[in-house]
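Inspection log for the structure reproduced underneath, given as structure tokens.
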2 protein chains.
Amino acid sequence: MQAKTVTVPTLKRLPIYLTYLKHLQEQGREVVSTTHLSRVLKQDPTQIRKDLAATGLVGKPKVGFDVSKTIEHLENFLGYHNTNDAFLVGVGNLGRAIMGYLPFVEKGLNIVAAFDNNPELIGKEIAGIPVLTVEKLTDLAKRMKIKLGILTVPESVAQDLTDAMVEGGIQVIWNFVPTRLMVPDSVYVEYTQLSSHLAVIKKKLQSIK
Amino acid sequence: MQAKTVTVPTLKRLPIYLTYLKHLQEQGREVVSTTHLSRVLKQDPTQIRKDLAATGLVGKPKVGFDVSKTIEHLENFLGYHNTNDAFLVGVGNLGRAIMGYLPFVEKGLNIVAAFDNNPELIGKEIAGIPVLTVEKLTDLAKRMKIKLGILTVPESVAQDLTDAMVEGGIQVIWNFVPTRLMVPDSVYVEYTQLSSHLAVIKKKLQSIK
């Protein structure tokens with residue numbers, strides 16, 4: 001499949017549409033209108049039409065979208081049927097959760113190995129994924145041509161392990177550590193910063209007390 | 001502490017500054033310039049000054065910010081020393097990870113109870129937190145005056161359990177389920193949608209292959 005030019009905000013909304021379409025499918029619905037999607041998803045209908053059009057989908061006037069076909073189309077577009085191999089670095093609570101998180105498996109994320117420096121973990125398997133010493137990270141990434149690394153380590157070692165991933169040829173890093181990573185321009189970092197979400201939540205709670 | 005008017009993007013950047021300042025503190029640094037922060041955090045220096053000023057912090061000209069004082073100030077501002085009680089609903093892989101995630105404890109998130117419908121989990125403790133039946137959710141939220149709920153359930157039951165939380169008086173929901181939630185205007189939902197991040201990552205991987 002070719003990578004089409006879709007904006008990041010559109011890309012981030014597509015899985016939300018997909019989840020809801022699957023819900024409709026389970027309920028036996030065959031067709032859905034943009035108006036209905038707009039109401040349930042609290043999203044401007046024009047935006048929904050634009051987002052779907054960006055993936056190559058156009059609804060039938062006065063009818064809407066065929067639920068099953070739209071699901072199939074979006075799953076293909078998002079690459080859920082293509083598996084991406086990944087390394088996960090840092091087998092703490094969050095790392096383990098990601099290793100055992102079925103929705104990621106269903107969406108084509110295949111964690112082939114995890115890395116940690118804790119001798120009690122090395123050699124074990126968690127959720128069927130072997131845990132190896134971080135010393136093997138760079139070489140193994142090169143050898144297995146791994147392009148994606150998931151970073152769930154303490155902040156103090158985040159940059160060192162980022163360097164090890166980059167040296168191993170990893171080009172996309174999913175960073176869960178609440179810190180900026182220094183990487184070459186050719187490497188893309190996707191930030192999921194739970195602490196930032198928590199900061200917003202705590203402010204909201206202050207304002208309602 | 002009063003809730004000041006700070007934008008959400010600023011709020012989301014503050015924990016990143018804080019993590020780096022703590023790193024500097026561990027290295028024994030006492031003062032840091034905006035220029036230095038700007039270079040390491042890859043953030044416009046004017047933005048950094050504005051973000052810190054929004055919390056009431058102004059650096060000394062030609063010197064910068066006192067590291068320890070800035071850490072203390074930001075931790076207070078973000079409410080890390082004020083504990084917020086929360087319920088967690090959905091004790092799967094992700095729910096468990098959040099229950100045992102030390103960085104949240106350090107930042108003043110106190111999960112007092114978790115809820116699930118799996119009889120094998122009910123009555124057990126995970127990371128010191130009791131797991132109760134979802135049937136008790138609404139009443140217990142009312143009784144304990146819980147304002148924050150964390151949602152980590154399968155999509156099919158997300159709306160029902162949201163309704164149960166709202167009925168119990170919960171006013172802020174941290175939603176990890178890849179779906180929009182329908183809530184009254186008075187309830188705030190913070191979305192952390194890992195599937196959306198994964199969608200972006202998979203597109204990036206397609207473009208480098």
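Each chain in the structure tokens gets a letter, A, B and so on, in the order shown; residues start at 1 in every chain, and ligands are counted from 1 in the order they appear.
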Please identify all residues of chain A having at least one atom at most 8 Å from any atom of chain B, considering only C-alpha atoms, and return them as a ChimeraX atom specification.
/A:2-3,8,11-17,19-20,23,40-42,78-79,84,93-94,96-98,100-101,104,147-148,155-156,172,174,178-182,188,190,192,194-197,199-207
Take the residues that were just selected and, keeping C-alpha atoms, output them as a PDB file, in the first residue's frame.
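And here's selection_35.pdb as it stands now:
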ATOM      1  CA  GLN A   2       1.204   3.471  -0.828  1.00  0.00           C
ATOM      2  CA  ALA A   3       1.562   6.100   1.870  1.00  0.00           C
ATOM      3  CA  VAL A   8      -1.659  13.878  11.422  1.00  0.00           C
ATOM      4  CA  LEU A  11      -4.801  10.078  10.960  1.00  0.00           C
ATOM      5  CA  LYS A  12      -5.503  10.371  14.680  1.00  0.00           C
ATOM      6  CA  ARG A  13      -9.273  10.585  14.110  1.00  0.00           C
ATOM      7  CA  LEU A  14      -9.516   7.571  11.777  1.00  0.00           C
ATOM      8  CA  PRO A  15      -9.123   4.902  14.514  1.00  0.00           C
ATOM      9  CA  ILE A  16     -11.952   6.584  16.436  1.00  0.00           C
ATOM     10  CA  TYR A  17     -14.242   6.352  13.406  1.00  0.00           C
ATOM     11  CA  THR A  19     -13.996   1.776  16.536  1.00  0.00           C
ATOM     12  CA  TYR A  20     -17.460   3.219  16.198  1.00  0.00           C
ATOM     13  CA  HIS A  23     -19.662  -1.107  17.047  1.00  0.00           C
ATOM     14  CA  VAL A  40     -22.276  10.371  18.006  1.00  0.00           C
ATOM     15  CA  LEU A  41     -18.634  11.309  17.536  1.00  0.00           C
ATOM     16  CA  LYS A  42     -19.217  15.010  18.228  1.00  0.00           C
ATOM     17  CA  LEU A  78      -4.205   2.286   8.564  1.00  0.00           C
ATOM     18  CA  GLY A  79      -2.145  -0.807   7.802  1.00  0.00           C
ATOM     19  CA  ASN A  84       5.183  -3.993  11.878  1.00  0.00           C
ATOM     20  CA  ASN A  93       4.734  -1.674  34.480  1.00  0.00           C
ATOM     21  CA  LEU A  94       3.985   0.329  31.362  1.00  0.00           C
ATOM     22  CA  ARG A  96       4.612  -4.979  30.295  1.00  0.00           C
ATOM     23  CA  ALA A  97       1.155  -3.545  29.662  1.00  0.00           C
ATOM     24  CA  ILE A  98       2.087  -2.676  26.099  1.00  0.00           C
ATOM     25  CA  GLY A 100       0.338  -7.753  26.589  1.00  0.00           C
ATOM     26  CA  TYR A 101      -2.034  -5.230  25.031  1.00  0.00           C
ATOM     27  CA  PHE A 104      -2.059  -3.404  19.488  1.00  0.00           C
ATOM     28  CA  LYS A 147      12.586   0.071  12.228  1.00  0.00           C
ATOM     29  CA  LEU A 148      10.339   0.759  15.239  1.00  0.00           C
ATOM     30  CA  GLU A 155      13.993   9.198  32.285  1.00  0.00           C
ATOM     31  CA  SER A 156      17.598   8.842  33.476  1.00  0.00           C
ATOM     32  CA  VAL A 172      10.656   5.568  14.391  1.00  0.00           C
ATOM     33  CA  TRP A 174       7.379   5.726  20.234  1.00  0.00           C
ATOM     34  CA  PRO A 178       8.230  12.419  29.776  1.00  0.00           C
ATOM     35  CA  THR A 179      11.316  13.888  28.154  1.00  0.00           C
ATOM     36  CA  ARG A 180      12.406  15.189  24.769  1.00  0.00           C
ATOM     37  CA  LEU A 181      14.758  12.864  22.892  1.00  0.00           C
ATOM     38  CA  MET A 182      17.693  14.060  20.814  1.00  0.00           C
ATOM     39  CA  TYR A 188      10.799  10.355  13.846  1.00  0.00           C
ATOM     40  CA  GLU A 190       6.003  10.000  18.410  1.00  0.00           C
ATOM     41  CA  THR A 192       2.800   9.794  24.221  1.00  0.00           C
ATOM     42  CA  LEU A 194       0.958  10.510  30.122  1.00  0.00           C
ATOM     43  CA  SER A 195       2.337  13.088  32.581  1.00  0.00           C
ATOM     44  CA  SER A 196       1.162  15.856  30.274  1.00  0.00           C
ATOM     45  CA  HIS A 197      -2.364  14.431  30.218  1.00  0.00           C
ATOM     46  CA  ALA A 199      -1.215  17.784  34.287  1.00  0.00           C
ATOM     47  CA  VAL A 200      -4.331  18.825  32.353  1.00  0.00           C
ATOM     48  CA  ILE A 201      -6.518  16.560  34.484  1.00  0.00           C
ATOM     49  CA  LYS A 202      -5.149  17.894  37.757  1.00  0.00           C
ATOM     50  CA  LYS A 203      -5.827  21.490  36.677  1.00  0.00           C
ATOM     51  CA  LYS A 204      -9.396  20.572  35.738  1.00  0.00           C
ATOM     52  CA  LEU A 205      -9.899  18.988  39.164  1.00  0.00           C
ATOM     53  CA  GLN A 206      -8.581  22.140  40.856  1.00  0.00           C
ATOM     54  CA  SER A 207     -11.107  24.238  39.005  1.00  0.00           C
TER      55      SER A 207
END
Run DSSP on the backbone and tell me which residues of range 48-174 of chain A come out as strand (DSSP E or B); list them as a ChimeraX atom specification.
/A:60,64-66,84-89,109-116,125-126,129-133,148-151,172-174
What does the structure give for the distance between CA of Ala54 in chain B and CA of Ser68 in chain B, in Å to one decimal?
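Computing the Euclidean distance for CA of Ala54 in chain B and CA of Ser68 in chain B yields 18.4 Å.
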d(CA of Ile170 in chain A, CA of Ile146 in chain A) in Å:
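It comes out at 6.0 Å.
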Skip range 130-145 of chain B itself and residues of its chain fewer than 2 positions away, then list as a tab-separated table (two decimals) with all heavy atoms, in the first residue's frame all residues within 12 Å of it, counting only C-alpha atoms.
chain	number	residue	atom	x	y	z
A	209	LYS	N	-13.14	22.02	42.28
A	209	LYS	CA	-13.24	21.80	43.73
A	209	LYS	C	-13.86	22.97	44.44
A	209	LYS	O	-13.65	24.11	44.08
A	209	LYS	CB	-11.86	21.50	44.30
A	209	LYS	CG	-11.67	19.99	44.37
A	209	LYS	CD	-10.30	19.63	44.92
A	209	LYS	CE	-10.07	18.13	44.82
A	209	LYS	NZ	-8.69	17.78	44.99
B	84	ASN	N	-4.96	13.57	44.38
B	84	ASN	CA	-6.31	13.44	43.85
B	84	ASN	C	-6.73	11.98	43.90
B	84	ASN	O	-6.06	11.12	43.32
B	84	ASN	CB	-6.37	13.92	42.39
B	84	ASN	CG	-6.11	15.40	42.26
B	84	ASN	OD1	-5.05	15.83	41.81
B	84	ASN	ND2	-7.06	16.20	42.69
B	85	ASP	N	-7.83	11.71	44.59
B	85	ASP	CA	-8.35	10.35	44.63
B	85	ASP	C	-9.04	10.03	43.30
B	85	ASP	O	-9.69	10.89	42.71
B	85	ASP	CB	-9.35	10.20	45.77
B	85	ASP	CG	-8.65	10.21	47.13
B	85	ASP	OD1	-7.42	10.03	47.16
B	85	ASP	OD2	-9.34	10.40	48.15
B	86	ALA	N	-8.89	8.79	42.86
B	86	ALA	CA	-9.51	8.39	41.59
B	86	ALA	C	-9.98	6.95	41.66
B	86	ALA	O	-9.48	6.15	42.45
B	86	ALA	CB	-8.50	8.54	40.46
B	87	PHE	N	-10.98	6.65	40.83
B	87	PHE	CA	-11.39	5.27	40.58
B	87	PHE	C	-10.85	4.86	39.21
B	87	PHE	O	-10.81	5.70	38.30
B	87	PHE	CB	-12.93	5.15	40.54
B	87	PHE	CG	-13.59	5.07	41.88
B	87	PHE	CD1	-14.99	5.00	41.96
B	87	PHE	CD2	-12.85	5.04	43.06
B	87	PHE	CE1	-15.63	4.92	43.20
B	87	PHE	CE2	-13.49	4.95	44.29
B	87	PHE	CZ	-14.88	4.90	44.36
B	88	LEU	N	-10.46	3.61	39.10
B	88	LEU	CA	-10.06	3.08	37.79
B	88	LEU	C	-11.06	2.00	37.39
B	88	LEU	O	-11.39	1.12	38.20
B	88	LEU	CB	-8.64	2.53	37.84
B	88	LEU	CG	-8.11	1.95	36.53
B	88	LEU	CD1	-6.65	2.35	36.31
B	88	LEU	CD2	-8.26	0.44	36.47
B	89	VAL	N	-11.55	2.06	36.17
B	89	VAL	CA	-12.56	1.10	35.73
B	89	VAL	C	-12.02	0.29	34.55
B	89	VAL	O	-11.74	0.84	33.48
B	89	VAL	CB	-13.87	1.83	35.34
B	89	VAL	CG1	-14.96	0.83	35.01
B	89	VAL	CG2	-14.33	2.76	36.48
B	90	GLY	N	-11.86	-1.02	34.78
B	90	GLY	CA	-11.34	-1.91	33.74
B	90	GLY	C	-9.94	-2.40	34.07
B	90	GLY	O	-8.96	-1.74	33.73
B	91	VAL	N	-9.87	-3.57	34.73
B	91	VAL	CA	-8.58	-4.05	35.21
B	91	VAL	C	-7.97	-5.03	34.22
B	91	VAL	O	-7.74	-6.20	34.52
B	91	VAL	CB	-8.73	-4.67	36.63
B	91	VAL	CG1	-7.37	-5.02	37.22
B	91	VAL	CG2	-9.43	-3.68	37.56
B	92	GLY	N	-7.75	-4.58	32.99
B	92	GLY	CA	-7.02	-5.37	32.00
B	92	GLY	C	-5.55	-5.02	32.06
B	92	GLY	O	-5.06	-4.48	33.05
B	95	GLY	N	-5.10	-1.18	32.45
B	95	GLY	CA	-5.57	-0.77	33.78
B	95	GLY	C	-4.57	-1.15	34.86
B	95	GLY	O	-4.21	-0.34	35.71
B	96	ARG	N	-4.08	-2.38	34.80
B	96	ARG	CA	-3.11	-2.84	35.79
B	96	ARG	C	-1.84	-2.01	35.76
B	96	ARG	O	-1.24	-1.71	36.79
B	96	ARG	CB	-2.70	-4.28	35.49
B	96	ARG	CG	-3.61	-5.31	36.09
B	96	ARG	CD	-3.24	-6.65	35.49
B	96	ARG	NE	-4.45	-7.36	35.18
B	96	ARG	CZ	-4.71	-8.59	35.65
B	96	ARG	NH1	-3.80	-9.21	36.37
B	96	ARG	NH2	-5.83	-9.16	35.36
B	99	MET	N	-2.42	1.15	37.47
B	99	MET	CA	-2.53	0.95	38.92
B	99	MET	C	-1.15	0.82	39.57
B	99	MET	O	-0.96	1.21	40.72
B	99	MET	CB	-3.36	-0.31	39.21
B	99	MET	CG	-4.83	-0.13	38.88
B	99	MET	SD	-5.71	-1.72	38.75
B	99	MET	CE	-5.96	-2.13	40.49
B	111	ILE	N	-5.11	6.19	43.20
B	111	ILE	CA	-6.22	5.32	42.79
B	111	ILE	C	-6.68	4.55	44.02
B	111	ILE	O	-5.95	3.72	44.55
B	111	ILE	CB	-5.79	4.37	41.65
B	111	ILE	CG1	-5.32	5.21	40.45
B	111	ILE	CG2	-6.94	3.44	41.25
B	111	ILE	CD1	-4.69	4.39	39.33
B	112	VAL	N	-7.88	4.87	44.50
B	112	VAL	CA	-8.34	4.28	45.77
B	112	VAL	C	-9.07	2.97	45.57
B	112	VAL	O	-9.13	2.14	46.47
B	112	VAL	CB	-9.23	5.27	46.56
B	112	VAL	CG1	-8.39	6.43	47.09
B	112	VAL	CG2	-10.37	5.80	45.71
B	113	ALA	N	-9.63	2.75	44.38
B	113	ALA	CA	-10.29	1.48	44.10
B	113	ALA	C	-10.36	1.27	42.59
B	113	ALA	O	-10.36	2.23	41.82
B	113	ALA	CB	-11.71	1.45	44.69
B	114	ALA	N	-10.38	-0.02	42.20
B	114	ALA	CA	-10.52	-0.36	40.79
B	114	ALA	C	-11.76	-1.23	40.64
B	114	ALA	O	-12.19	-1.89	41.60
B	114	ALA	CB	-9.29	-1.09	40.30
B	115	PHE	N	-12.34	-1.24	39.45
B	115	PHE	CA	-13.61	-1.95	39.23
B	115	PHE	C	-13.50	-2.82	37.98
B	115	PHE	O	-12.91	-2.41	36.98
B	115	PHE	CB	-14.75	-0.93	39.07
B	115	PHE	CG	-14.96	-0.12	40.31
B	115	PHE	CD1	-14.19	1.01	40.56
B	115	PHE	CD2	-15.90	-0.51	41.25
B	115	PHE	CE1	-14.36	1.74	41.72
B	115	PHE	CE2	-16.08	0.22	42.42
B	115	PHE	CZ	-15.31	1.35	42.66
B	116	ASP	N	-14.09	-4.00	38.08
B	116	ASP	CA	-14.10	-4.90	36.94
B	116	ASP	C	-15.32	-5.82	37.07
B	116	ASP	O	-15.95	-5.86	38.13
B	116	ASP	CB	-12.80	-5.73	36.89
B	116	ASP	CG	-12.47	-6.16	35.48
B	116	ASP	OD1	-13.13	-7.11	34.97
B	116	ASP	OD2	-11.57	-5.57	34.86
B	117	ASN	N	-15.66	-6.54	36.00
B	117	ASN	CA	-16.77	-7.48	36.11
B	117	ASN	C	-16.29	-8.94	36.11
B	117	ASN	O	-17.10	-9.86	36.08
B	117	ASN	CB	-17.81	-7.25	34.99
B	117	ASN	CG	-17.23	-7.52	33.62
B	117	ASN	OD1	-16.05	-7.87	33.51
B	117	ASN	ND2	-18.03	-7.36	32.58
B	118	ASN	N	-14.98	-9.12	36.16
B	118	ASN	CA	-14.41	-10.47	36.17
B	118	ASN	C	-14.40	-11.01	37.60
B	118	ASN	O	-13.68	-10.51	38.46
B	118	ASN	CB	-12.99	-10.40	35.60
B	118	ASN	CG	-12.31	-11.76	35.58
B	118	ASN	OD1	-12.80	-12.74	36.17
B	118	ASN	ND2	-11.18	-11.83	34.91
B	119	PRO	N	-15.21	-12.09	37.87
B	119	PRO	CA	-15.31	-12.61	39.24
B	119	PRO	C	-13.96	-13.06	39.80
B	119	PRO	O	-13.76	-13.05	41.02
B	119	PRO	CB	-16.26	-13.81	39.11
B	119	PRO	CG	-16.77	-13.81	37.72
B	119	PRO	CD	-16.01	-12.85	36.90
B	120	GLU	N	-13.04	-13.43	38.92
B	120	GLU	CA	-11.73	-13.88	39.42
B	120	GLU	C	-10.89	-12.73	39.97
B	120	GLU	O	-9.92	-12.95	40.69
B	120	GLU	CB	-10.96	-14.59	38.30
B	120	GLU	CG	-11.54	-15.96	38.01
B	120	GLU	CD	-10.78	-16.67	36.90
B	120	GLU	OE1	-9.61	-16.33	36.67
B	120	GLU	OE2	-11.38	-17.54	36.25
B	121	LEU	N	-11.22	-11.52	39.56
B	121	LEU	CA	-10.45	-10.35	40.02
B	121	LEU	C	-11.08	-9.69	41.24
B	121	LEU	O	-10.38	-9.13	42.08
B	121	LEU	CB	-10.35	-9.31	38.90
B	121	LEU	CG	-9.47	-9.66	37.71
B	121	LEU	CD1	-9.57	-8.58	36.64
B	121	LEU	CD2	-8.01	-9.80	38.16
B	122	ILE	N	-12.42	-9.77	41.32
B	122	ILE	CA	-13.14	-9.05	42.37
B	122	ILE	C	-12.75	-9.58	43.75
B	122	ILE	O	-12.72	-10.79	43.97
B	122	ILE	CB	-14.66	-9.13	42.14
B	122	ILE	CG1	-15.00	-8.36	40.85
B	122	ILE	CG2	-15.44	-8.58	43.32
B	122	ILE	CD1	-16.35	-8.68	40.27
B	123	GLY	N	-12.42	-8.64	44.65
B	123	GLY	CA	-11.99	-9.04	45.98
B	123	GLY	C	-10.48	-9.10	46.12
B	123	GLY	O	-9.95	-9.13	47.22
B	124	LYS	N	-9.79	-9.14	44.99
B	124	LYS	CA	-8.31	-9.19	45.02
B	124	LYS	C	-7.75	-7.77	45.16
B	124	LYS	O	-8.46	-6.78	45.02
B	124	LYS	CB	-7.79	-9.81	43.72
B	124	LYS	CG	-8.19	-11.27	43.52
B	124	LYS	CD	-6.98	-12.14	43.20
B	124	LYS	CE	-7.36	-13.61	43.30
B	124	LYS	NZ	-7.64	-14.20	41.98
B	125	GLU	N	-6.45	-7.69	45.44
B	125	GLU	CA	-5.74	-6.41	45.42
B	125	GLU	C	-4.67	-6.45	44.35
B	125	GLU	O	-3.96	-7.45	44.21
B	125	GLU	CB	-5.08	-6.15	46.77
B	125	GLU	CG	-6.03	-5.64	47.82
B	125	GLU	CD	-5.32	-4.91	48.96
B	125	GLU	OE1	-4.08	-4.84	48.95
B	125	GLU	OE2	-6.01	-4.42	49.86
B	126	ILE	N	-4.54	-5.38	43.61
B	126	ILE	CA	-3.48	-5.26	42.61
B	126	ILE	C	-2.73	-3.96	42.90
B	126	ILE	O	-3.36	-2.90	43.00
B	126	ILE	CB	-4.06	-5.28	41.18
B	126	ILE	CG1	-4.60	-6.69	40.88
B	126	ILE	CG2	-3.00	-4.88	40.16
B	126	ILE	CD1	-5.33	-6.83	39.58
B	127	ALA	N	-1.43	-4.08	43.09
B	127	ALA	CA	-0.60	-2.93	43.47
B	127	ALA	C	-1.19	-2.24	44.70
B	127	ALA	O	-1.17	-1.01	44.81
B	127	ALA	CB	-0.45	-1.96	42.29
B	128	GLY	N	-1.74	-3.06	45.60
B	128	GLY	CA	-2.29	-2.51	46.84
B	128	GLY	C	-3.66	-1.87	46.71
B	128	GLY	O	-4.18	-1.30	47.66
B	147	LYS	N	-14.09	12.41	42.24
B	147	LYS	CA	-14.31	13.32	41.11
B	147	LYS	C	-13.64	12.87	39.83
B	147	LYS	O	-13.92	13.38	38.74
B	147	LYS	CB	-13.80	14.72	41.47
B	147	LYS	CG	-14.52	15.36	42.65
B	147	LYS	CD	-16.00	15.59	42.35
B	147	LYS	CE	-16.82	15.91	43.59
B	147	LYS	NZ	-18.19	15.39	43.50
B	148	LEU	N	-12.67	11.94	39.95
B	148	LEU	CA	-11.88	11.51	38.78
B	148	LEU	C	-12.03	10.01	38.53
B	148	LEU	O	-11.86	9.20	39.45
B	148	LEU	CB	-10.39	11.85	39.01
B	148	LEU	CG	-9.38	11.32	38.00
B	148	LEU	CD1	-9.65	11.85	36.59
B	148	LEU	CD2	-7.95	11.67	38.42
B	149	GLY	N	-12.34	9.65	37.28
B	149	GLY	CA	-12.41	8.25	36.89
B	149	GLY	C	-11.50	7.97	35.71
B	149	GLY	O	-11.41	8.78	34.79
B	153	VAL	N	-11.51	0.16	29.77
B	153	VAL	CA	-12.35	-1.01	29.50
B	153	VAL	C	-12.41	-1.28	28.00
B	153	VAL	O	-11.99	-0.45	27.20
B	153	VAL	CB	-13.80	-0.76	30.00
B	153	VAL	CG1	-13.83	-0.60	31.51
B	153	VAL	CG2	-14.41	0.46	29.32
B	157	VAL	N	-18.21	-1.69	26.34
B	157	VAL	CA	-18.86	-1.30	27.60
B	157	VAL	C	-18.45	0.11	28.04
B	157	VAL	O	-18.82	0.55	29.14
B	157	VAL	CB	-18.54	-2.32	28.74
B	157	VAL	CG1	-19.17	-3.66	28.43
B	157	VAL	CG2	-17.04	-2.48	28.96
B	160	ASP	N	-21.51	2.57	28.82
B	160	ASP	CA	-22.27	2.18	30.01
B	160	ASP	C	-21.52	2.55	31.29
B	160	ASP	O	-22.11	3.05	32.25
B	160	ASP	CB	-22.52	0.66	30.01
B	160	ASP	CG	-23.62	0.28	29.02
B	160	ASP	OD1	-24.27	1.20	28.48
B	160	ASP	OD2	-23.81	-0.93	28.79
B	161	LEU	N	-20.22	2.31	31.29
B	161	LEU	CA	-19.46	2.57	32.51
B	161	LEU	C	-19.20	4.06	32.68
B	161	LEU	O	-19.08	4.56	33.80
B	161	LEU	CB	-18.18	1.73	32.52
B	161	LEU	CG	-18.54	0.25	32.75
B	161	LEU	CD1	-17.40	-0.68	32.40
B	161	LEU	CD2	-18.99	0.03	34.20
B	162	THR	N	-19.16	4.78	31.56
B	162	THR	CA	-19.10	6.24	31.64
B	162	THR	C	-20.36	6.76	32.31
B	162	THR	O	-20.29	7.60	33.22
B	162	THR	CB	-18.97	6.84	30.23
B	162	THR	OG1	-17.74	6.38	29.67
B	162	THR	CG2	-18.98	8.36	30.26
B	163	ASP	N	-21.50	6.25	31.88
B	163	ASP	CA	-22.78	6.66	32.48
B	163	ASP	C	-22.79	6.38	33.99
B	163	ASP	O	-23.25	7.20	34.78
B	163	ASP	CB	-23.96	5.92	31.81
B	163	ASP	CG	-24.10	6.30	30.33
B	163	ASP	OD1	-23.49	7.31	29.91
B	163	ASP	OD2	-24.81	5.58	29.60
B	164	ALA	N	-22.26	5.22	34.37
B	164	ALA	CA	-22.22	4.85	35.79
B	164	ALA	C	-21.34	5.82	36.58
B	164	ALA	O	-21.66	6.20	37.71
B	164	ALA	CB	-21.73	3.41	35.95
B	165	MET	N	-20.23	6.23	35.97
B	165	MET	CA	-19.33	7.18	36.65
B	165	MET	C	-20.01	8.53	36.80
B	165	MET	O	-19.96	9.15	37.86
B	165	MET	CB	-18.02	7.33	35.86
B	165	MET	CG	-17.10	6.14	35.98
B	165	MET	SD	-15.37	6.55	35.53
B	165	MET	CE	-15.42	6.28	33.78
B	166	VAL	N	-20.63	8.99	35.70
B	166	VAL	CA	-21.27	10.31	35.72
B	166	VAL	C	-22.40	10.32	36.76
B	166	VAL	O	-22.55	11.28	37.52
B	166	VAL	CB	-21.79	10.67	34.31
B	166	VAL	CG1	-22.68	11.91	34.36
B	166	VAL	CG2	-20.61	10.89	33.36
B	167	GLU	N	-23.15	9.23	36.82
B	167	GLU	CA	-24.23	9.12	37.80
B	167	GLU	C	-23.68	9.19	39.23
B	167	GLU	O	-24.35	9.68	40.14
B	167	GLU	CB	-24.99	7.81	37.59
B	167	GLU	CG	-26.41	7.84	38.13
B	167	GLU	CD	-27.05	6.45	38.11
B	167	GLU	OE1	-26.79	5.68	37.16
B	167	GLU	OE2	-27.79	6.15	39.07
B	168	GLY	N	-22.46	8.70	39.40
B	168	GLY	CA	-21.83	8.72	40.72
B	168	GLY	C	-21.19	10.06	41.06
B	168	GLY	O	-20.57	10.20	42.11
B	169	GLY	N	-21.31	11.03	40.15
B	169	GLY	CA	-20.78	12.37	40.45
B	169	GLY	C	-19.36	12.63	39.96
B	169	GLY	O	-18.77	13.66	40.26
B	170	ILE	N	-18.82	11.68	39.22
B	170	ILE	CA	-17.47	11.87	38.67
B	170	ILE	C	-17.52	12.97	37.61
B	170	ILE	O	-18.41	12.99	36.77
B	170	ILE	CB	-16.92	10.52	38.14
B	170	ILE	CG1	-16.46	9.69	39.35
B	170	ILE	CG2	-15.79	10.74	37.13
B	170	ILE	CD1	-15.94	8.32	39.03
B	171	GLN	N	-16.57	13.90	37.68
B	171	GLN	CA	-16.62	15.09	36.82
B	171	GLN	C	-15.49	15.17	35.80
B	171	GLN	O	-15.53	15.99	34.89
B	171	GLN	CB	-16.64	16.35	37.68
B	171	GLN	CG	-17.86	16.37	38.58
B	171	GLN	CD	-18.12	17.75	39.15
B	171	GLN	OE1	-17.60	18.75	38.69
B	171	GLN	NE2	-18.96	17.80	40.17
Work out how far apart CA of Glu72 in chain B and CA of Thr46 in chain B are and give it in Å to one decimal.
21.9 Å
